[in-house]
Amino acid sequence: MGDLNGVRSRIPYLKNLGVDAVWLSPFYTSPQNDAGYDVADYRNVDERFGTLADFDTMLATAHEAGLKVIVDLVPNHTSDQHVWFQEALASEPGSAARERYIFRDGKGENGDEAPNDWQSVFGGDAWTRVTEVAGPNAGKPGQWYLHLFDTTQPDLNWDNTEVRAEMESVLEFWLDRGVDGFRVDVAHGLIKDPALPNFREKVAMVAGEEHDAAASSAQDASVPADSAAAENRHFSTVNEDVSDLVSGDAVDESGNMKSGSPYFDQEGVHQVYREWHKVLDKYEGDRMMVAEAWVEPMSRIFRYVRSDEMQQAFNFGFLLAGWDAQRIFANVDETLREAAVVQAPATWVLSNHDTVRHSSRFGLSDPTTYPKGIAAEDEQPDERLGWLRGRAAAMIMLALPGSSYVYQGDELSLPEHTTLPHEFRQDPSFFRTNGEERGRDGCRIPMPWYSTQPGFGFDVAATASAAPADAASSYSPWLPQPESYRNYAADRQVGVEGSTFELYRALLAARRERGLGTGELAWAEFNAPEHGILAFTNGSVTLLANTSSTPVDLPEGLSVLFASHDEAVFEGQLAADSAVWLEQ
């Protein structure tokens, strides 16, 4: 695995790319059952990644380079190895230690039925029964604890004042060290309906409640807003009266939830973030929080970024829109409209550590589909087509006003590892669904830095120079890299004209110089999403993207500033699956 000193060594690469900040996934002490999202100690660095001193050095180096650092905070759950949960297991039911988590007695004559029928996001039941070790029932099956994710990730009880105080203290610990902000994991999930009503639907990461991924997107402009299909496509259907979700009115006679998830996007989460906002306000400088919240409709996402809550929230609708002009248009239009209501910046993201990389998704026969991983026995993406569309999509994203998030490797057009052998998989969702979900390992493959070094320059063993080209596969990092990554390695792209890295670098520089992030979008006269054409103006730049299968004429009076690839423009036309930035 990589480490903090490795991150520090790559800061010049990030500076050269032209980003403003870096978001680090969890590096805290953890058993690594879910890639660090199972935290055992929020105030320490896992020895795999270094020490607190290493973190401080990395942070100082980033700040010296003008880069801000955002760290990942995981407040919904801890590791089962956290001292609090170990205390809870060793304590009796009703103890203060158990009140920090969500322990409940089971149903049935002997309590052998789970408290309700909630399903884990990773598959299977969301409740696990413990064997008591204290009190009169020691040695016998006892209470159940809630884990909306893996069994090793027990949910915290956010109705507990000690939990709230502890997490605010964690915020202060890292703010005191100088971090610039937090990406808040499962930000919509902290508060649960205290009635714990039955809710059998399984909720998926990023996409929310599990409806058909392509049809369920609220960004599908072809579905009338008042239609039955539109009603069912929301990631999380929520009552107009939010108070219903925390009252008996939300439960029918059988104890089932009437609509919406009883454990996601509850009204109470907003008070948590109002308190956190106050914590950040105590510190000098521009501190921020960004919410990972899988909620719909878009208006509910922007409730997380009202003036007294967070500063940004991820826009997963843009990611889910896929390579489809109508869906992109509808998402962008709705996002900017809702952002204006609360006067918060929009965000845009194409890939992340929980999704199949967009350069691979866009190469599938349906480029709007959202697979939960891809395995060798599944449809394999068209690599060239995904490369073309992925670069064009980046041009769309980086022309938009707001904040753009680039997942590591996107700047190299890095594809998904779609043939990863199952024996190497580590994602708990793969195991909890018996392989039905392929999991997220394919998008988390370590970066290829040097095409001729062992581990493509990622592994410690790769520090030896002059390694033969065929030795790259003889060393494997924590997840093995496919041989195809050699062609995408950074040393084959940095400084190479026409490479994806240089395209991103040029776009990011122009975005900053022209103030596109703080600009204002206007849809162009020739915008025609129903025909696969997306076109808008932001400041001095006009974006034209062609998601159709045939070339389209370039508008007169504008010259090409950047093109998504060398053959994108030919004889006054823009090729299919291509994009350009134009200027007067």
# chains A, B, ... in the order shown; residues from 1 in each chain; ligands from 1
$ select_by_dssp --residues "range 286-382 of chain A" --states "strand (DSSP E)" --output "list of chain:residue names"
A:Met288, A:Met289, A:Val290, A:Ala291, A:Gln312, A:Ala313, A:Thr347, A:Trp348, A:Val349
$ residues_around --residues "range 566-570 of chain A" --least-positions-apart "2" --cutoff "10 Å" --atoms "only C-alpha atoms" --output "mmCIF file with C-alpha atoms, in the first residue's frame"
data_model
loop_
_atom_site.group_PDB
_atom_site.id
_atom_site.type_symbol
_atom_site.label_atom_id
_atom_site.label_comp_id
_atom_site.auth_asym_id
_atom_site.auth_seq_id
_atom_site.Cartn_x
_atom_site.Cartn_y
_atom_site.Cartn_z
ATOM 1 C CA LEU A 388 -12.469 9.215 -26.402
ATOM 2 C CA ALA A 392 -14.542 14.717 -23.894
ATOM 3 C CA GLY A 498 -1.552 15.039 -26.874
ATOM 4 C CA ASN A 546 -20.953 15.743 -29.436
ATOM 5 C CA PRO A 551 -20.138 14.626 -36.868
ATOM 6 C CA VAL A 552 -21.704 18.057 -36.348
ATOM 7 C CA ASP A 553 -20.806 21.432 -37.804
ATOM 8 C CA LEU A 554 -18.759 23.812 -35.688
ATOM 9 C CA VAL A 560 -10.883 26.114 -31.365
ATOM 10 C CA PHE A 562 -8.762 23.004 -27.053
ATOM 11 C CA ALA A 563 -9.966 19.736 -28.578
ATOM 12 C CA SER A 564 -10.499 16.445 -26.777
ATOM 13 C CA GLY A 572 -15.182 22.388 -39.920
ATOM 14 C CA GLN A 573 -16.901 19.591 -38.064
ATOM 15 C CA LEU A 574 -16.685 18.051 -34.600
ATOM 16 C CA ALA A 575 -16.363 14.277 -34.637
ATOM 17 C CA ALA A 576 -18.654 11.961 -32.715
ATOM 18 C CA ASP A 577 -17.746 11.345 -29.055
ATOM 19 C CA SER A 578 -15.642 14.486 -28.971
ATOM 20 C CA ALA A 579 -15.607 17.956 -27.453
ATOM 21 C CA VAL A 580 -13.982 21.346 -27.977
#
$ select_by_dssp --residues "range 25-135 of chain A" --states "helix (DSSP H, G or I)" --output "list in words"
Leu52, Ala53, Asp54, Phe55, Asp56, Thr57, Met58, Leu59, Ala60, Thr61, Ala62, His63, Glu64, Val83, Trp84, Phe85, Gln86, Glu87, Ala88, Leu89, Ala96, Ala97, Arg98 and Glu99 of chain A
$ residues_around --residues "Leu14 in chain A" --least-positions-apart "5" --cutoff "10 Å" --atoms "only C-alpha atoms" --output "CSV table (one decimal) with all heavy atoms, in the first residue's frame"
chain,number,residue,atom,x,y,z
A,7,VAL,N,2.8,10.1,-0.7
A,7,VAL,CA,1.9,11.2,-1.1
A,7,VAL,C,2.8,12.5,-1.2
A,7,VAL,O,2.7,13.2,-2.1
A,7,VAL,CB,0.8,11.4,-0.1
A,7,VAL,CG1,0.0,12.7,-0.4
A,7,VAL,CG2,-0.2,10.2,-0.1
A,9,SER,N,5.9,12.8,-1.8
A,9,SER,CA,6.8,12.7,-2.9
A,9,SER,C,6.1,13.1,-4.2
A,9,SER,O,6.8,13.4,-5.2
A,9,SER,CB,7.4,11.3,-3.0
A,9,SER,OG,6.5,10.4,-3.5
A,19,VAL,N,-4.0,21.2,-9.9
A,19,VAL,CA,-5.1,21.2,-8.9
A,19,VAL,C,-4.9,22.2,-7.8
A,19,VAL,O,-3.7,22.6,-7.5
A,19,VAL,CB,-5.4,19.8,-8.4
A,19,VAL,CG1,-5.7,18.8,-9.6
A,19,VAL,CG2,-4.1,19.2,-7.7
A,20,ASP,N,-5.9,22.5,-7.0
A,20,ASP,CA,-5.8,23.4,-5.9
A,20,ASP,C,-5.7,22.7,-4.6
A,20,ASP,O,-5.3,23.3,-3.6
A,20,ASP,CB,-7.1,24.3,-5.9
A,20,ASP,CG,-7.2,25.1,-7.2
A,20,ASP,OD1,-6.3,25.8,-7.5
A,20,ASP,OD2,-8.3,24.9,-7.9
A,21,ALA,N,-6.2,21.5,-4.5
A,21,ALA,CA,-6.3,20.7,-3.3
A,21,ALA,C,-6.2,19.3,-3.5
A,21,ALA,O,-6.4,18.8,-4.6
A,21,ALA,CB,-7.6,21.1,-2.5
A,22,VAL,N,-5.9,18.5,-2.5
A,22,VAL,CA,-5.9,17.0,-2.5
A,22,VAL,C,-6.7,16.5,-1.4
A,22,VAL,O,-6.7,17.0,-0.3
A,22,VAL,CB,-4.4,16.5,-2.5
A,22,VAL,CG1,-3.7,16.9,-1.2
A,22,VAL,CG2,-4.4,15.0,-2.6
A,62,ALA,N,2.6,20.2,1.3
A,62,ALA,CA,1.5,20.6,0.4
A,62,ALA,C,1.2,22.1,0.5
A,62,ALA,O,1.0,22.8,-0.5
A,62,ALA,CB,0.3,19.8,0.8
A,65,ALA,N,3.6,24.2,-1.3
A,65,ALA,CA,3.3,24.1,-2.7
A,65,ALA,C,2.0,24.8,-3.1
A,65,ALA,O,1.7,24.9,-4.3
A,65,ALA,CB,3.3,22.7,-3.2
A,67,LEU,N,-1.0,23.9,-2.1
A,67,LEU,CA,-2.1,23.0,-2.1
A,67,LEU,C,-2.8,22.9,-0.8
A,67,LEU,O,-2.1,22.8,0.3
A,67,LEU,CB,-1.6,21.6,-2.6
A,67,LEU,CG,-1.0,21.5,-4.0
A,67,LEU,CD1,-0.5,20.0,-4.2
A,67,LEU,CD2,-2.1,21.8,-5.0
A,505,ARG,N,-3.9,19.2,-17.8
A,505,ARG,CA,-3.1,20.3,-17.3
A,505,ARG,C,-3.5,21.6,-18.0
A,505,ARG,O,-3.6,22.7,-17.4
A,505,ARG,CB,-1.6,20.0,-17.5
A,505,ARG,CG,-0.7,20.9,-16.7
A,505,ARG,CD,0.7,20.4,-16.8
A,505,ARG,NE,1.3,20.6,-18.1
A,505,ARG,CZ,1.8,21.7,-18.6
A,505,ARG,NH1,1.8,22.8,-17.8
A,505,ARG,NH2,2.3,21.8,-19.8
$ residues_around --residues "Asn116 in chain A" --least-positions-apart "4" --cutoff "7 Å" --atoms "only C-alpha atoms" --output "ChimeraX atom specification"
/A:196-198
$ residues_around --residues "Ser30 in chain A" --least-positions-apart "4" --cutoff "6 Å" --atoms "only C-alpha atoms" --output "list in words"
Gly36, Asp38, Val39 and Ala40 of chain A
$ closest_residue --among "A:Phe424, A:Trp348, A:Tyr273, A:Phe314" --to "Ile445 in chain A" --atoms "only C-alpha atoms"
A:Phe424
$ closest_residue --among "A:Asn76, A:Ser549, A:Gln408, A:Thr518" --to "Pro154 in chain A" --atoms "only C-alpha atoms"
A:Asn76
$ closest_residue --among "A:Gly442, A:Phe526, A:Arg98, A:Trp158" --to "Gln86 in chain A" --atoms "only C-alpha atoms"
A:Arg98
$ closest_residue --among "A:Leu521, A:Met288, A:Leu414, A:Leu280" --to "Leu336 in chain A" --atoms "only C-alpha atoms"
A:Leu521
$ closest_atom_pairs --of "range 293-320 of chain A" --to "range 361-372 of chain A" --cutoff "12 Å" --atoms "only C-alpha atoms" --output "CSV"
residue,atom,partner,partner_atom,distance
A:Phe316,CA,A:Tyr370,CA,11.7
A:Gly317,CA,A:Thr368,CA,11.4
A:Phe318,CA,A:Thr368,CA,10.9
A:Leu319,CA,A:Tyr370,CA,9.4
A:Leu320,CA,A:Tyr370,CA,7.0
$ residues_around --residues "range 159-174 of chain A" --least-positions-apart "3" --cutoff "8 Å" --atoms "only C-alpha atoms" --output "number ranges by chain"
A: 42-43, 75, 99-100, 156, 177-179, 191, 272, 276, 279
$ write_last_selection --atoms "all heavy atoms" --output "mmCIF file, in the first residue's frame"
data_model
loop_
_atom_site.group_PDB
_atom_site.id
_atom_site.type_symbol
_atom_site.label_atom_id
_atom_site.label_comp_id
_atom_site.auth_asym_id
_atom_site.auth_seq_id
_atom_site.Cartn_x
_atom_site.Cartn_y
_atom_site.Cartn_z
ATOM 1 N N TYR A 42 -9.354 7.569 15.515
ATOM 2 C CA TYR A 42 -9.503 8.753 14.666
ATOM 3 C C TYR A 42 -8.367 9.756 14.837
ATOM 4 O O TYR A 42 -8.273 10.711 14.062
ATOM 5 C CB TYR A 42 -10.829 9.461 14.967
ATOM 6 C CG TYR A 42 -12.056 8.725 14.503
ATOM 7 C CD1 TYR A 42 -12.695 7.801 15.322
ATOM 8 C CD2 TYR A 42 -12.601 8.959 13.238
ATOM 9 C CE1 TYR A 42 -13.842 7.136 14.899
ATOM 10 C CE2 TYR A 42 -13.737 8.298 12.801
ATOM 11 C CZ TYR A 42 -14.360 7.384 13.642
ATOM 12 O OH TYR A 42 -15.491 6.718 13.219
ATOM 13 N N ARG A 43 -7.526 9.559 15.827
ATOM 14 C CA ARG A 43 -6.483 10.543 16.122
ATOM 15 C C ARG A 43 -5.078 10.004 15.865
ATOM 16 O O ARG A 43 -4.112 10.563 16.379
ATOM 17 C CB ARG A 43 -6.591 11.009 17.577
ATOM 18 C CG ARG A 43 -7.856 11.784 17.906
ATOM 19 C CD ARG A 43 -7.875 12.185 19.370
ATOM 20 N NE ARG A 43 -9.053 12.963 19.716
ATOM 21 C CZ ARG A 43 -10.225 12.432 20.031
ATOM 22 N NH1 ARG A 43 -10.356 11.109 20.042
ATOM 23 N NH2 ARG A 43 -11.246 13.205 20.345
ATOM 24 N N PRO A 75 -17.878 9.484 10.154
ATOM 25 C CA PRO A 75 -18.614 9.639 11.413
ATOM 26 C C PRO A 75 -19.788 8.686 11.607
ATOM 27 O O PRO A 75 -20.319 8.597 12.724
ATOM 28 C CB PRO A 75 -19.121 11.076 11.318
ATOM 29 C CG PRO A 75 -19.353 11.276 9.850
ATOM 30 C CD PRO A 75 -18.304 10.462 9.150
ATOM 31 N N GLU A 99 -24.693 2.495 24.696
ATOM 32 C CA GLU A 99 -25.487 3.616 24.209
ATOM 33 C C GLU A 99 -24.750 4.443 23.170
ATOM 34 O O GLU A 99 -25.352 5.257 22.477
ATOM 35 C CB GLU A 99 -25.908 4.507 25.380
ATOM 36 C CG GLU A 99 -27.039 3.917 26.222
ATOM 37 C CD GLU A 99 -28.283 3.637 25.408
ATOM 38 O OE1 GLU A 99 -28.736 4.537 24.684
ATOM 39 O OE2 GLU A 99 -28.790 2.499 25.466
ATOM 40 N N ARG A 100 -23.437 4.255 23.045
ATOM 41 C CA ARG A 100 -22.703 4.957 21.990
ATOM 42 C C ARG A 100 -22.993 4.367 20.617
ATOM 43 O O ARG A 100 -22.729 5.001 19.590
ATOM 44 C CB ARG A 100 -21.204 4.857 22.255
ATOM 45 C CG ARG A 100 -20.718 5.513 23.533
ATOM 46 C CD ARG A 100 -19.319 5.039 23.812
ATOM 47 N NE ARG A 100 -18.699 5.652 24.987
ATOM 48 C CZ ARG A 100 -17.738 5.068 25.700
ATOM 49 N NH1 ARG A 100 -17.298 3.862 25.347
ATOM 50 N NH2 ARG A 100 -17.222 5.662 26.748
ATOM 51 N N LEU A 156 -22.590 4.251 14.836
ATOM 52 C CA LEU A 156 -22.643 5.044 16.057
ATOM 53 C C LEU A 156 -24.063 5.559 16.293
ATOM 54 O O LEU A 156 -24.849 5.727 15.346
ATOM 55 C CB LEU A 156 -21.683 6.225 15.956
ATOM 56 C CG LEU A 156 -20.194 5.892 16.074
ATOM 57 C CD1 LEU A 156 -19.344 7.050 15.581
ATOM 58 C CD2 LEU A 156 -19.824 5.526 17.511
ATOM 59 N N ARG A 177 -4.023 20.638 13.623
ATOM 60 C CA ARG A 177 -2.816 20.239 12.895
ATOM 61 C C ARG A 177 -2.693 20.987 11.576
ATOM 62 O O ARG A 177 -1.666 20.894 10.898
ATOM 63 C CB ARG A 177 -2.809 18.727 12.636
ATOM 64 C CG ARG A 177 -2.868 17.888 13.895
ATOM 65 C CD ARG A 177 -2.501 16.438 13.634
ATOM 66 N NE ARG A 177 -1.062 16.225 13.774
ATOM 67 C CZ ARG A 177 -0.456 15.946 14.927
ATOM 68 N NH1 ARG A 177 -1.172 15.867 16.038
ATOM 69 N NH2 ARG A 177 0.852 15.756 14.962
ATOM 70 N N GLY A 178 -3.766 21.665 11.155
ATOM 71 C CA GLY A 178 -3.684 22.503 9.970
ATOM 72 C C GLY A 178 -4.417 22.028 8.742
ATOM 73 O O GLY A 178 -4.257 22.615 7.666
ATOM 74 N N VAL A 179 -5.249 20.957 8.854
ATOM 75 C CA VAL A 179 -5.964 20.510 7.665
ATOM 76 C C VAL A 179 -6.940 21.589 7.221
ATOM 77 O O VAL A 179 -7.428 22.393 8.027
ATOM 78 C CB VAL A 179 -6.703 19.175 7.891
ATOM 79 C CG1 VAL A 179 -5.741 18.080 8.322
ATOM 80 C CG2 VAL A 179 -7.852 19.319 8.862
ATOM 81 N N ILE A 191 -28.231 10.046 11.406
ATOM 82 C CA ILE A 191 -29.447 9.982 12.222
ATOM 83 C C ILE A 191 -30.396 8.918 11.664
ATOM 84 O O ILE A 191 -30.666 8.884 10.464
ATOM 85 C CB ILE A 191 -30.162 11.342 12.256
ATOM 86 C CG1 ILE A 191 -29.208 12.425 12.760
ATOM 87 C CG2 ILE A 191 -31.412 11.264 13.128
ATOM 88 C CD1 ILE A 191 -28.703 12.227 14.167
ATOM 89 N N VAL A 272 -26.445 18.458 13.237
ATOM 90 C CA VAL A 272 -25.051 18.039 13.434
ATOM 91 C C VAL A 272 -24.116 18.949 12.658
ATOM 92 O O VAL A 272 -23.107 19.440 13.189
ATOM 93 C CB VAL A 272 -24.858 16.576 12.982
ATOM 94 C CG1 VAL A 272 -23.379 16.189 13.038
ATOM 95 C CG2 VAL A 272 -25.682 15.626 13.844
ATOM 96 N N TRP A 276 -21.008 21.542 13.540
ATOM 97 C CA TRP A 276 -19.676 21.402 12.949
ATOM 98 C C TRP A 276 -19.247 22.702 12.273
ATOM 99 O O TRP A 276 -18.071 23.063 12.285
ATOM 100 C CB TRP A 276 -19.667 20.251 11.952
ATOM 101 C CG TRP A 276 -19.727 18.893 12.579
ATOM 102 C CD1 TRP A 276 -20.069 18.597 13.872
ATOM 103 C CD2 TRP A 276 -19.433 17.648 11.952
ATOM 104 N NE1 TRP A 276 -20.008 17.243 14.082
ATOM 105 C CE2 TRP A 276 -19.628 16.635 12.921
ATOM 106 C CE3 TRP A 276 -19.043 17.278 10.673
ATOM 107 C CZ2 TRP A 276 -19.423 15.282 12.639
ATOM 108 C CZ3 TRP A 276 -18.850 15.941 10.381
ATOM 109 C CH2 TRP A 276 -19.038 14.951 11.365
ATOM 110 N N VAL A 279 -17.678 24.815 14.662
ATOM 111 C CA VAL A 279 -16.315 24.382 14.984
ATOM 112 C C VAL A 279 -15.334 24.942 13.962
ATOM 113 O O VAL A 279 -14.283 25.507 14.311
ATOM 114 C CB VAL A 279 -16.222 22.837 15.033
ATOM 115 C CG1 VAL A 279 -14.765 22.388 15.193
ATOM 116 C CG2 VAL A 279 -17.072 22.280 16.173
#
$ atom_distance --atom1 "CA of Leu73 in chain A" --atom2 "CA of Trp23 in chain A"
10.9 Å
$ closest_residue --among "A:Thr131, A:Asn487, A:Ser559, A:Gln326" --to "Thr547 in chain A" --atoms "only C-alpha atoms"
A:Gln326
$ residues_around --residues "range 438-440 of chain A" --least-positions-apart "5" --cutoff "8 Å" --atoms "only C-alpha atoms" --output "list in words"
His353, Asp354, Thr355, Val356, Lys372, Gly373, Ile374, Ala375, Arg425, Asp427, Pro428, Ser429 and Phe430 of chain A
$ atom_distance --atom1 "CA of Thr128 in chain A" --atom2 "CA of Cys443 in chain A"
29.3 Å
